[in-house]
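Shown below: protein04.txt, with compact mmCIF, C-alpha atoms and all ligand atoms.
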```txt
# COMPACT_ATOMS: atom_id res chain seq x y z
CA MET Z 1 -25.68 -6.51 7.40
CA ALA Z 2 -28.93 -6.81 5.40
CA MET Z 3 -29.13 -4.26 2.65
CA GLN Z 4 -31.08 -4.38 -0.57
CA ASN Z 5 -29.03 -4.56 -3.69
CA VAL Z 6 -30.33 -1.42 -5.46
CA GLN Z 7 -27.55 -0.15 -7.68
CA SER Z 8 -29.35 2.06 -10.22
CA VAL Z 9 -32.77 3.13 -11.36
CA PRO Z 10 -33.67 2.68 -15.08
CA ALA Z 11 -34.86 6.00 -16.62
CA GLU Z 12 -37.90 4.59 -18.50
CA LEU Z 13 -39.86 3.60 -15.35
CA SER Z 14 -43.37 4.96 -14.63
CA PRO Z 15 -43.62 7.77 -12.01
CA GLU Z 16 -44.94 5.26 -9.40
CA ALA Z 17 -42.13 2.80 -10.08
CA LEU Z 18 -39.62 5.67 -9.99
CA GLU Z 19 -40.96 6.79 -6.63
CA SER Z 20 -40.74 3.33 -5.13
CA ALA Z 21 -37.23 2.82 -6.59
CA ALA Z 22 -36.14 6.16 -5.08
CA GLN Z 23 -37.55 5.00 -1.76
CA LEU Z 24 -35.54 1.77 -1.98
CA VAL Z 25 -32.37 3.76 -2.65
CA ALA Z 26 -33.14 6.04 0.32
CA GLU Z 27 -33.64 2.99 2.55
CA ALA Z 28 -30.39 1.45 1.30
CA GLN Z 29 -28.56 4.71 1.98
CA ALA Z 30 -30.05 4.79 5.50
CA ASP Z 31 -28.85 1.21 6.03
CA PHE Z 32 -25.37 2.17 4.82
CA ASP Z 33 -25.31 5.21 7.15
CA ARG Z 34 -26.31 2.97 10.07
CA VAL Z 35 -23.50 0.53 9.24
CA MET Z 36 -21.03 3.44 9.27
CA ALA Z 37 -22.41 4.77 12.57
CA GLU Z 38 -22.17 1.30 14.15
CA ASP Z 39 -18.65 0.87 12.75
CA SER Z 40 -19.75 -2.37 11.13
CA ARG Z 41 -18.75 -3.83 7.76
CA VAL Z 42 -19.88 -3.44 4.17
CA GLU Z 43 -19.66 -6.61 2.02
CA PRO Z 44 -19.46 -6.85 -1.80
CA ARG Z 45 -23.17 -7.63 -2.35
CA ASP Z 46 -24.35 -4.78 -0.13
CA TRP Z 47 -25.56 -1.51 -1.58
CA MET Z 48 -22.98 1.24 -1.29
CA PRO Z 49 -22.80 4.83 -2.50
CA GLU Z 50 -20.98 5.13 -5.80
CA ALA Z 51 -18.43 7.55 -4.29
CA TYR Z 52 -17.59 5.00 -1.55
CA ARG Z 53 -17.07 2.29 -4.17
CA LYS Z 54 -14.83 4.56 -6.26
CA THR Z 55 -12.75 5.63 -3.25
CA LEU Z 56 -12.15 2.02 -2.26
CA LEU Z 57 -11.29 1.02 -5.79
CA ARG Z 58 -8.84 3.93 -6.03
CA GLN Z 59 -7.07 3.04 -2.78
CA ILE Z 60 -7.12 -0.75 -3.12
CA SER Z 61 -5.94 -0.79 -6.75
CA GLN Z 62 -3.12 1.66 -5.93
CA HIS Z 63 -2.20 -0.51 -2.99
CA ALA Z 64 -2.13 -3.64 -5.20
CA HIS Z 65 0.04 -1.88 -7.79
CA SER Z 66 2.44 -0.77 -5.03
CA GLU Z 67 2.95 -4.35 -3.95
CA ILE Z 68 3.66 -5.51 -7.50
CA ILE Z 69 5.96 -2.62 -8.44
CA GLY Z 70 7.49 -2.88 -4.96
CA MET Z 71 8.90 -6.30 -5.85
CA GLN Z 72 11.39 -4.72 -8.23
CA PRO Z 73 13.93 -2.93 -6.00
CA GLU Z 74 14.38 -6.10 -3.94
CA ALA Z 75 14.13 -8.68 -6.74
CA ASN Z 76 17.12 -6.88 -8.20
CA TRP Z 77 19.19 -8.05 -5.21
CA ILE Z 78 18.14 -11.72 -5.08
CA SER Z 79 21.00 -12.85 -7.32
CA ARG Z 80 23.47 -10.69 -5.38
CA ALA Z 81 22.46 -11.62 -1.83
CA PRO Z 82 25.59 -12.29 0.26
CA SER Z 83 24.68 -15.86 1.29
CA LEU Z 84 22.31 -18.71 0.45
CA LYS Z 85 20.33 -17.99 3.63
CA ARG Z 86 19.92 -14.31 2.72
CA LYS Z 87 18.90 -15.27 -0.82
CA ALA Z 88 16.22 -17.68 0.43
CA ILE Z 89 14.80 -15.08 2.86
CA LEU Z 90 14.75 -12.33 0.24
CA MET Z 91 13.08 -14.61 -2.32
CA ALA Z 92 10.38 -15.49 0.22
CA LYS Z 93 9.80 -11.82 0.95
CA VAL Z 94 9.49 -10.84 -2.71
CA GLN Z 95 7.06 -13.73 -3.25
CA ASP Z 96 5.01 -12.47 -0.31
CA GLU Z 97 4.71 -9.06 -2.02
CA ALA Z 98 3.35 -10.79 -5.14
CA GLY Z 99 0.82 -12.56 -2.91
CA HIS Z 100 -0.21 -9.24 -1.31
CA GLY Z 101 -0.80 -7.82 -4.78
CA LEU Z 102 -3.01 -10.79 -5.63
CA TYR Z 103 -5.17 -10.53 -2.47
CA LEU Z 104 -5.59 -6.83 -3.16
CA TYR Z 105 -6.45 -7.21 -6.85
CA SER Z 106 -9.05 -9.79 -5.77
CA ALA Z 107 -10.49 -7.36 -3.21
CA ALA Z 108 -10.63 -4.65 -5.90
CA GLU Z 109 -12.39 -7.05 -8.30
CA THR Z 110 -15.25 -7.40 -5.80
CA LEU Z 111 -15.92 -3.70 -6.47
CA GLY Z 112 -16.63 -4.37 -10.13
CA GLN Z 113 -13.26 -3.70 -11.77
CA THR Z 114 -11.47 -6.36 -13.81
CA ARG Z 115 -7.86 -7.21 -13.10
CA ASP Z 116 -7.07 -6.79 -16.81
CA LYS Z 117 -8.27 -3.18 -16.69
CA MET Z 118 -6.27 -2.42 -13.54
CA MET Z 119 -3.14 -3.95 -15.07
CA ALA Z 120 -3.71 -2.09 -18.37
CA ASP Z 121 -3.94 1.21 -16.44
CA LEU Z 122 -0.75 0.42 -14.56
CA ILE Z 123 1.34 -0.39 -17.60
CA ALA Z 124 -0.10 2.57 -19.51
CA GLY Z 125 1.25 4.79 -16.71
CA LYS Z 126 -2.29 5.93 -15.78
CA ALA Z 127 -2.43 4.38 -12.30
CA ARG Z 128 -0.68 5.45 -9.12
CA TYR Z 129 1.54 3.29 -6.95
CA SER Z 130 3.51 4.21 -3.86
CA SER Z 131 6.13 6.94 -4.36
CA ILE Z 132 8.69 4.91 -2.39
CA PHE Z 133 9.33 2.42 -5.16
CA ASN Z 134 10.68 5.09 -7.48
CA TYR Z 135 13.95 5.28 -5.54
CA PRO Z 136 16.93 3.05 -6.40
CA ALA Z 137 18.24 0.22 -4.21
CA LEU Z 138 21.98 0.86 -4.50
CA THR Z 139 23.64 -1.52 -2.03
CA TRP Z 140 22.90 -4.69 -0.05
CA ALA Z 141 22.24 -2.46 2.99
CA ASP Z 142 19.24 -1.08 1.09
CA MET Z 143 17.57 -4.48 1.58
CA GLY Z 144 17.88 -3.81 5.31
CA ALA Z 145 16.66 -0.21 5.09
CA ILE Z 146 13.70 -1.17 2.86
CA GLY Z 147 12.65 -3.93 5.24
CA TRP Z 148 13.08 -1.83 8.36
CA LEU Z 149 11.83 1.58 7.17
CA VAL Z 150 9.58 0.86 4.17
CA ASP Z 151 7.89 -2.23 5.59
CA GLY Z 152 7.85 -0.52 8.99
CA ALA Z 153 5.94 2.43 7.50
CA ALA Z 154 3.67 -0.01 5.66
CA ILE Z 155 2.80 -1.79 8.94
CA CYS Z 156 2.10 1.50 10.69
CA ASN Z 157 -0.23 2.51 7.84
CA GLN Z 158 -1.83 -0.91 7.34
CA VAL Z 159 -2.57 -2.15 10.87
CA PRO Z 160 -5.43 0.39 11.16
CA LEU Z 161 -6.62 -0.71 7.69
CA CYS Z 162 -7.37 -4.17 9.16
CA ARG Z 163 -10.44 -2.40 10.58
CA ALA Z 164 -11.42 -0.80 7.25
CA SER Z 165 -15.17 -0.78 6.76
CA TYR Z 166 -15.01 -2.76 3.51
CA GLY Z 167 -14.81 -6.45 4.48
CA PRO Z 168 -12.57 -7.85 1.71
CA TYR Z 169 -10.00 -5.06 2.18
CA GLY Z 170 -9.87 -5.35 5.98
CA ARG Z 171 -9.55 -9.14 5.84
CA ALA Z 172 -6.77 -8.98 3.22
CA MET Z 173 -4.91 -6.53 5.47
CA VAL Z 174 -4.83 -8.96 8.40
CA ARG Z 175 -2.71 -11.45 6.51
CA VAL Z 176 -0.65 -8.76 4.79
CA CYS Z 177 0.26 -7.22 8.15
CA LYS Z 178 1.39 -10.55 9.59
CA GLU Z 179 3.73 -11.03 6.66
CA GLU Z 180 4.93 -7.41 6.80
CA SER Z 181 6.00 -8.00 10.40
CA PHE Z 182 8.35 -10.74 9.24
CA HIS Z 183 9.59 -8.43 6.48
CA GLN Z 184 10.36 -5.66 8.90
CA ARG Z 185 12.27 -7.96 11.22
CA GLN Z 186 14.38 -9.37 8.42
CA GLY Z 187 15.27 -5.79 7.37
CA PHE Z 188 16.13 -4.85 10.95
CA GLU Z 189 18.30 -7.93 11.27
CA ILE Z 190 20.22 -7.17 8.06
CA LEU Z 191 20.96 -3.66 9.36
CA LEU Z 192 21.89 -4.97 12.82
CA GLU Z 193 24.41 -7.36 11.38
CA LEU Z 194 25.94 -4.69 9.14
CA ALA Z 195 25.98 -2.14 11.98
CA ASN Z 196 27.95 -4.62 14.09
CA GLY Z 197 30.30 -5.53 11.24
CA THR Z 198 33.32 -3.74 9.82
CA PRO Z 199 33.44 0.10 9.76
CA GLU Z 200 32.70 -0.09 6.00
CA GLN Z 201 29.63 -2.26 6.61
CA LYS Z 202 28.38 0.06 9.32
CA ALA Z 203 28.87 3.07 7.01
CA MET Z 204 26.94 1.24 4.26
CA ALA Z 205 24.04 0.62 6.69
CA GLN Z 206 24.03 4.27 7.80
CA ASP Z 207 24.08 5.47 4.19
CA ALA Z 208 21.07 3.29 3.33
CA VAL Z 209 19.11 4.59 6.35
CA ASP Z 210 20.03 8.18 5.38
CA ARG Z 211 18.67 7.69 1.84
CA TRP Z 212 15.45 5.80 2.70
CA TYR Z 213 14.38 7.79 5.78
CA ALA Z 214 12.65 10.80 4.14
CA PRO Z 215 11.04 8.85 1.28
CA SER Z 216 9.62 6.39 3.84
CA LEU Z 217 8.01 9.28 5.76
CA MET Z 218 6.44 10.43 2.49
CA MET Z 219 4.74 7.05 2.08
CA PHE Z 220 2.06 8.27 4.50
CA GLY Z 221 0.91 10.79 1.91
CA PRO Z 222 0.82 14.60 1.81
CA PRO Z 223 0.40 16.71 4.97
CA ASP Z 224 -3.17 16.70 6.33
CA ASP Z 225 -3.90 20.20 4.98
CA ASP Z 226 -3.03 18.96 1.49
CA SER Z 227 -4.77 15.59 1.65
CA PRO Z 228 -8.03 15.94 -0.32
CA ASN Z 229 -9.24 12.38 0.36
CA SER Z 230 -8.53 11.90 4.07
CA LYS Z 231 -11.62 13.53 5.56
CA GLN Z 232 -14.14 11.51 3.58
CA SER Z 233 -12.14 8.27 3.88
CA MET Z 234 -12.09 8.72 7.64
CA ALA Z 235 -15.82 9.46 7.74
CA TRP Z 236 -16.34 6.17 5.88
CA ASN Z 237 -14.11 4.24 8.34
CA ILE Z 238 -11.65 3.33 5.60
CA LYS Z 239 -8.79 5.38 7.05
CA ARG Z 240 -8.70 5.52 10.84
CA PHE Z 241 -5.92 8.08 11.32
CA SER Z 242 -4.74 11.02 9.27
CA ASN Z 243 -1.52 10.97 7.22
CA ASP Z 244 0.32 13.22 9.71
CA GLU Z 245 -0.87 11.23 12.74
CA LEU Z 246 0.51 7.99 11.30
CA ARG Z 247 3.75 9.66 10.18
CA SER Z 248 4.32 11.03 13.67
CA ARG Z 249 3.62 7.63 15.24
CA PHE Z 250 6.11 6.02 12.84
CA VAL Z 251 8.87 8.52 13.73
CA GLY Z 252 8.32 7.67 17.41
CA MET Z 253 8.78 3.96 16.69
CA MET Z 254 11.91 4.43 14.59
CA VAL Z 255 13.61 6.81 17.00
CA GLU Z 256 13.73 4.03 19.61
CA GLN Z 257 14.63 1.18 17.26
CA VAL Z 258 17.53 3.09 15.65
CA LYS Z 259 19.25 3.20 19.06
CA VAL Z 260 19.32 -0.62 19.17
CA LEU Z 261 20.88 -0.61 15.71
CA GLY Z 262 23.58 1.81 16.86
CA LEU Z 263 22.77 4.02 13.86
CA THR Z 264 21.13 7.46 13.62
CA LEU Z 265 18.19 8.94 11.74
CA PRO Z 266 19.24 11.78 9.41
CA ASP Z 267 17.09 14.33 11.22
CA ASP Z 268 18.30 16.33 14.24
CA GLN Z 269 14.92 17.95 14.79
CA ILE Z 270 13.04 14.87 15.99
CA ARG Z 271 11.42 15.55 19.36
CA PHE Z 272 8.32 14.58 21.31
CA ASN Z 273 5.96 17.52 21.69
CA GLU Z 274 4.51 17.03 25.19
CA ASP Z 275 1.66 19.52 24.64
CA ALA Z 276 0.50 18.05 21.34
CA LYS Z 277 1.48 14.51 22.47
CA LYS Z 278 3.10 13.74 19.16
CA TRP Z 279 6.48 13.24 17.55
CA GLU Z 280 7.75 16.08 15.38
CA HIS Z 281 10.40 15.96 12.65
CA SER Z 282 12.05 18.30 10.13
CA PRO Z 283 9.95 19.46 7.18
CA LEU Z 284 9.93 17.06 4.23
CA ASP Z 285 10.59 18.09 0.63
CA TRP Z 286 7.03 17.97 -0.73
CA ASN Z 287 8.20 19.28 -4.12
CA GLU Z 288 10.23 16.12 -4.50
CA PHE Z 289 7.14 14.08 -3.55
CA GLN Z 290 5.04 15.85 -6.22
CA GLU Z 291 7.77 15.29 -8.82
CA VAL Z 292 7.79 11.55 -8.04
CA LEU Z 293 3.97 11.43 -8.24
CA ALA Z 294 4.12 13.22 -11.59
CA GLY Z 295 6.33 10.41 -12.94
CA ARG Z 296 9.64 12.28 -12.67
CA GLY Z 297 11.25 10.39 -9.78
CA PRO Z 298 14.66 8.69 -10.12
CA CYS Z 299 13.24 5.31 -11.22
CA ASN Z 300 9.64 5.89 -12.45
CA ALA Z 301 10.41 5.17 -16.10
CA GLN Z 302 12.54 2.13 -15.27
CA ARG Z 303 9.90 0.61 -12.96
CA LEU Z 304 7.12 0.95 -15.54
CA GLU Z 305 9.28 -0.35 -18.36
CA ARG Z 306 10.20 -3.42 -16.28
CA ARG Z 307 6.53 -4.01 -15.43
CA ARG Z 308 5.57 -3.80 -19.15
CA GLN Z 309 8.32 -6.21 -20.07
CA ALA Z 310 7.23 -8.68 -17.34
CA HIS Z 311 3.63 -8.41 -18.60
CA ASP Z 312 4.70 -9.15 -22.17
CA ASP Z 313 6.93 -12.02 -21.05
CA GLY Z 314 3.95 -13.52 -19.21
CA ALA Z 315 1.64 -13.48 -22.26
CA TRP Z 316 2.26 -17.18 -22.99
CA VAL Z 317 1.28 -18.13 -19.42
CA ARG Z 318 -2.03 -16.26 -19.72
CA GLU Z 319 -2.69 -17.86 -23.10
CA ALA Z 320 -1.87 -21.33 -21.79
CA ALA Z 321 -4.09 -20.84 -18.70
CA SER Z 322 -7.02 -19.65 -20.88
CA ALA Z 323 -6.60 -22.58 -23.28
CA TYR Z 324 -6.50 -25.02 -20.34
CA ALA Z 325 -9.62 -23.46 -18.77
CA ALA Z 326 -11.46 -23.65 -22.12
CA LYS Z 327 -10.49 -27.32 -22.47
CA GLN Z 328 -11.69 -28.12 -18.94
CA LYS Z 329 -15.00 -26.38 -19.67
CA GLU Z 330 -15.39 -28.30 -22.94
CA GLN Z 331 -14.71 -31.61 -21.18
CA ALA Z 332 -17.21 -30.80 -18.43
CA ALA Z 333 -19.98 -29.96 -20.98
N1 LIG R 401 2.64 7.57 -3.20
O1 LIG R 401 -5.63 12.64 -0.21
P1 LIG R 401 -4.45 11.75 0.00
C1 LIG R 401 4.43 -1.99 0.63
C2 LIG R 401 -1.69 10.26 -3.62
S1 LIG R 401 3.31 -1.32 -0.45
C3 LIG R 401 1.89 7.79 -4.31
O2 LIG R 401 -3.78 11.79 1.32
P2 LIG R 401 -5.38 9.03 0.48
C4 LIG R 401 5.54 -2.78 0.15
C5 LIG R 401 -3.07 9.76 -3.30
O3 LIG R 401 -3.30 8.50 -3.89
C6 LIG R 401 2.54 -0.09 0.54
N2 LIG R 401 0.73 8.51 -4.26
O4 LIG R 401 -4.85 10.26 -0.43
C7 LIG R 401 5.46 -3.44 -1.07
C8 LIG R 401 -3.94 10.87 -3.87
O5 LIG R 401 -3.98 10.77 -5.28
P3 LIG R 401 -5.33 10.32 -6.06
C9 LIG R 401 1.55 0.69 -0.18
C10 LIG R 401 0.35 8.98 -3.06
O6 LIG R 401 -5.73 7.93 -0.43
C11 LIG R 401 6.57 -4.11 -1.57
C12 LIG R 401 -3.09 12.11 -3.57
O7 LIG R 401 -1.76 11.67 -3.41
N3 LIG R 401 0.60 1.11 0.80
O8 LIG R 401 4.28 -1.78 1.75
O9 LIG R 401 -6.41 9.51 1.46
C13 LIG R 401 7.76 -4.13 -0.86
C14 LIG R 401 -3.55 12.84 -2.31
O10 LIG R 401 -3.33 12.05 -1.11
C15 LIG R 401 1.07 8.75 -1.89
C16 LIG R 401 -0.63 1.56 0.50
O11 LIG R 401 -0.97 1.70 -0.64
C17 LIG R 401 2.28 8.03 -2.00
N4 LIG R 401 3.07 7.78 -0.93
O12 LIG R 401 -4.09 8.63 1.34
C18 LIG R 401 7.82 -3.50 0.38
C19 LIG R 401 -1.53 1.82 1.68
N5 LIG R 401 0.45 9.36 -0.86
O13 LIG R 401 -5.58 8.87 -5.70
C20 LIG R 401 6.72 -2.85 0.89
C21 LIG R 401 -2.96 2.08 1.29
C22 LIG R 401 -0.64 9.94 -1.38
O14 LIG R 401 -6.44 11.19 -5.53
N6 LIG R 401 -3.18 3.45 0.92
N7 LIG R 401 -0.70 9.73 -2.70
O15 LIG R 401 -4.99 10.50 -7.50
C23 LIG R 401 -3.37 4.45 1.84
O16 LIG R 401 -3.33 4.25 3.04
C24 LIG R 401 -3.69 5.82 1.31
O17 LIG R 401 -4.14 5.71 -0.01
C25 LIG R 401 -2.49 6.82 1.38
C26 LIG R 401 -2.92 8.16 0.74
C27 LIG R 401 -2.11 7.07 2.83
C28 LIG R 401 -1.27 6.31 0.61
```
Turn the structure described in the file into structure tokens.
Ligand code: BYC
Amino acid sequence: MAMQNVQSVPAELSPEALESAAQLVAEAQADFDRVMAEDSRVEPRDWMPEAYRKTLLRQISQHAHSEIIGMQPEANWISRAPSLKRKAILMAKVQDEAGHGLYLYSAAETLGQTRDKMMADLIAGKARYSSIFNYPALTWADMGAIGWLVDGAAICNQVPLCRASYGPYGRAMVRVCKEESFHQRQGFEILLELANGTPEQKAMAQDAVDRWYAPSLMMFGPPDDDSPNSKQSMAWNIKRFSNDELRSRFVGMMVEQVKVLGLTLPDDQIRFNEDAKKWEHSPLDWNEFQEVLAGRGPCNAQRLERRRQAHDDGAWVREAASAYAAKQKEQAA
């Protein structure tokens, strides 16, 4: 895509220069509109409307924070995994989440935001991250339910994001989705083994599914009528499907997979609506969702405190890396 890089017009220009600058901006906007109409891609050096840039930065930085905070409920179980094999798999998964956070912070940096600022906003409690990570992981079966339901919901949401109009975001999503597939399978396999184990193990698996089911449906965001950002994000080819469309698709996937597990979903109102051609489920508790978003979920305070502590503990690594980089630069000069 060939667009001119016209980001802003200085105020002190002559009327002629102002007119020609305004024309350049209009041409750049027309180019951007054409790219949207052709469903093509915007790259970091291309001109883009400020609102598009801000929307991407909002979504990508929240997504990055979710990956980093999302490491906590599972990292908590690494030392208590029931076997060496389970420990190795869980460690690999948690490391993958750190990697996802890094690709996403890098994608967000291409939009002009520094990683330091994003991290400062997160630890100051000013940035959002996914509601799901404010729930506790109480038993080993939760590792199964998180992998199966939470990573399952993430895949459902993120596969369409591989086609997001912003190049760095779409490309990051391709790799993230491949890794999420492995994550979902390992969660499914944990639950399958527990469901085929002793009655106590099966009950533990069912309890974990019961607790994670509704919060995982809320990951897709508020109902379409209450989703202020969806319409514009869809017009800009960032989101491809609405929150409710993806949620319904996810329920349809889970309703089949739960049969293989020999477990049940805690919702007796799931049915396929033949007229609307979509899966329906019981109403979700959106007050609970708003409480979690407002910072009053079961683990919000604990998650942020842990993140702050990890940031402080890592100060020496950042200092050492900066000192090493400065030394390298000095030697190269
Ligand atoms: N939690 O207008 P809407 C993972 C906010 S990590 C918190 O529908 P949008 C994993 C929303 O931000 C997976 N906040 O917004 C990691 C907005 O507030 P602001 C994370 C939510 O952006 C480790 C307001 O509500 N995935 O898989 O059009 C281990 C109104 O919503 C949530 C992503 O981040 C929520 N659930 O749509 C295991 C995917 N929902 O920003 C697994 C990328 C909504 O106006 N993000 N809000 O203050 C997206 O696809 C979209 O941003 C959303 C929301 C579907 C989440």
Exercise. How far is it from atom CA of Z:Gly70 to atom CA of Z:Met91, in Å with one decimal?
Worked result: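 Answer for the atom CA of Z:Gly70 to atom CA of Z:Met91 separation: 13.3 Å.
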Exercise. Nearest to Z:Ala64 among Z:Glu280, Z:Glu97, Z:Glu16, Z:Asp210, with distances taken over all atoms listed in the file: which residue is it?
Worked result: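 Once distances to Z:Ala64 are computed over all atoms listed in the file, the minimum belongs to Z:Glu97.
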For this session: In Å, rounded to a single decimal, give me how far atom CA of Z:Ala154 is from atom CA of Z:Ser181.
Result: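 Those two atoms sit 9.6 Å apart.
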For this session: Name the closest residue to Z:Lys87 among the candidates Z:Trp140, Z:Trp286, Z:Trp47, Z:Tyr129; distances are taken between atoms, counting all atoms listed in the file.
Result: Z:Trp140
For this session: Kindly provide, as an MDAnalysis selection string, the polymer residues lying within 10 Å of (0.8, -5.4, -5.1), counting all atoms listed in the file and using the coordinates exactly as they appear in the file.
Result: chainID Z and resid 60:71 96:105 129
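Atom pair atom CA of Z:Leu265 / atom CA of Z:Ile146: separated by 14.2 Å.
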Exercise. Can you find the residues with an atom no farther than 12 Å from (23.6, 3.2, 18.0), counting all atoms listed in the file, and report them as a PyMOL selection string?
Worked result: chain Z and resi 191-192+195-196+202+205-206+255-265
For this session: Would you mind telling me which residue in Z:Pro15, Z:Gly112, Z:Gly167, Z:Gly221 lies nearest to ligand LIG 401 (chain R) when using all atoms listed in the file?
Result: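 Among the listed residues, Z:Gly221 lies closest to ligand LIG 401 (chain R).
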Exercise. Using all atoms listed in the file, which residue out of Z:Pro73, Z:Pro44, Z:Pro298, Z:Pro82 lies closest to ligand LIG 401 (chain R)?
Worked result: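 Of the candidates, the smallest distance to ligand LIG 401 (chain R) is held by Z:Pro73.
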Problem set entry | Nearest-residue call for Z:Val35, choices Z:Ser242, Z:Gln232, Z:Ser216, Z:Ser165, using only C-alpha atoms |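 With only C-alpha atoms as the atom set, the closest residue is Z:Ser165.
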Could you model all heavy atoms for stretch 212-218 of chain Z and present them as a PDB file, in the frame of the given file?
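File produced: part-v3.pdb:
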```pdb
ATOM      1  N   TRP Z 212      16.841   6.292   2.720  1.00  0.00           N
ATOM      2  CA  TRP Z 212      15.450   5.800   2.700  1.00  0.00           C
ATOM      3  C   TRP Z 212      14.552   6.466   3.746  1.00  0.00           C
ATOM      4  O   TRP Z 212      13.325   6.317   3.698  1.00  0.00           O
ATOM      5  CB  TRP Z 212      15.426   4.266   2.879  1.00  0.00           C
ATOM      6  CG  TRP Z 212      15.908   3.572   1.639  1.00  0.00           C
ATOM      7  CD1 TRP Z 212      17.189   3.176   1.361  1.00  0.00           C
ATOM      8  CD2 TRP Z 212      15.136   3.237   0.469  1.00  0.00           C
ATOM      9  NE1 TRP Z 212      17.257   2.613   0.107  1.00  0.00           N
ATOM     10  CE2 TRP Z 212      16.007   2.633  -0.459  1.00  0.00           C
ATOM     11  CE3 TRP Z 212      13.784   3.386   0.117  1.00  0.00           C
ATOM     12  CZ2 TRP Z 212      15.589   2.177  -1.714  1.00  0.00           C
ATOM     13  CZ3 TRP Z 212      13.362   2.936  -1.134  1.00  0.00           C
ATOM     14  CH2 TRP Z 212      14.259   2.343  -2.032  1.00  0.00           C
ATOM     15  N   TYR Z 213      15.176   7.220   4.678  1.00  0.00           N
ATOM     16  CA  TYR Z 213      14.380   7.790   5.780  1.00  0.00           C
ATOM     17  C   TYR Z 213      13.271   8.747   5.269  1.00  0.00           C
ATOM     18  O   TYR Z 213      12.081   8.511   5.500  1.00  0.00           O
ATOM     19  CB  TYR Z 213      15.320   8.490   6.775  1.00  0.00           C
ATOM     20  CG  TYR Z 213      14.610   9.343   7.785  1.00  0.00           C
ATOM     21  CD1 TYR Z 213      13.935   8.778   8.865  1.00  0.00           C
ATOM     22  CD2 TYR Z 213      14.583  10.738   7.651  1.00  0.00           C
ATOM     23  CE1 TYR Z 213      13.266   9.572   9.789  1.00  0.00           C
ATOM     24  CE2 TYR Z 213      13.918  11.535   8.575  1.00  0.00           C
ATOM     25  CZ  TYR Z 213      13.267  10.950   9.632  1.00  0.00           C
ATOM     26  OH  TYR Z 213      12.589  11.732  10.532  1.00  0.00           O
ATOM     27  N   ALA Z 214      13.659   9.807   4.555  1.00  0.00           N
ATOM     28  CA  ALA Z 214      12.650  10.800   4.140  1.00  0.00           C
ATOM     29  C   ALA Z 214      11.619  10.208   3.169  1.00  0.00           C
ATOM     30  O   ALA Z 214      10.402  10.390   3.363  1.00  0.00           O
ATOM     31  CB  ALA Z 214      13.322  12.037   3.548  1.00  0.00           C
ATOM     32  N   PRO Z 215      12.061   9.449   2.143  1.00  0.00           N
ATOM     33  CA  PRO Z 215      11.040   8.850   1.280  1.00  0.00           C
ATOM     34  C   PRO Z 215      10.064   7.937   2.038  1.00  0.00           C
ATOM     35  O   PRO Z 215       8.884   7.867   1.703  1.00  0.00           O
ATOM     36  CB  PRO Z 215      11.864   8.046   0.258  1.00  0.00           C
ATOM     37  CG  PRO Z 215      13.185   8.758   0.197  1.00  0.00           C
ATOM     38  CD  PRO Z 215      13.430   9.240   1.605  1.00  0.00           C
ATOM     39  N   SER Z 216      10.554   7.267   3.105  1.00  0.00           N
ATOM     40  CA  SER Z 216       9.620   6.390   3.840  1.00  0.00           C
ATOM     41  C   SER Z 216       8.592   7.226   4.614  1.00  0.00           C
ATOM     42  O   SER Z 216       7.446   6.822   4.753  1.00  0.00           O
ATOM     43  CB  SER Z 216      10.351   5.387   4.739  1.00  0.00           C
ATOM     44  OG  SER Z 216      10.933   6.025   5.829  1.00  0.00           O
ATOM     45  N   LEU Z 217       8.998   8.410   5.085  1.00  0.00           N
ATOM     46  CA  LEU Z 217       8.010   9.280   5.760  1.00  0.00           C
ATOM     47  C   LEU Z 217       6.963   9.786   4.769  1.00  0.00           C
ATOM     48  O   LEU Z 217       5.810  10.034   5.131  1.00  0.00           O
ATOM     49  CB  LEU Z 217       8.692  10.472   6.435  1.00  0.00           C
ATOM     50  CG  LEU Z 217       9.619  10.214   7.614  1.00  0.00           C
ATOM     51  CD1 LEU Z 217       9.879  11.501   8.381  1.00  0.00           C
ATOM     52  CD2 LEU Z 217       9.055   9.198   8.570  1.00  0.00           C
ATOM     53  N   MET Z 218       7.387   9.948   3.516  1.00  0.00           N
ATOM     54  CA  MET Z 218       6.440  10.430   2.490  1.00  0.00           C
ATOM     55  C   MET Z 218       5.427   9.367   2.086  1.00  0.00           C
ATOM     56  O   MET Z 218       4.407   9.680   1.472  1.00  0.00           O
ATOM     57  CB  MET Z 218       7.196  10.908   1.255  1.00  0.00           C
ATOM     58  CG  MET Z 218       7.980  12.175   1.494  1.00  0.00           C
ATOM     59  SD  MET Z 218       8.875  12.618   0.000  1.00  0.00           S
ATOM     60  CE  MET Z 218       9.891  13.955   0.596  1.00  0.00           C
TER      61      MET Z 218
END
```
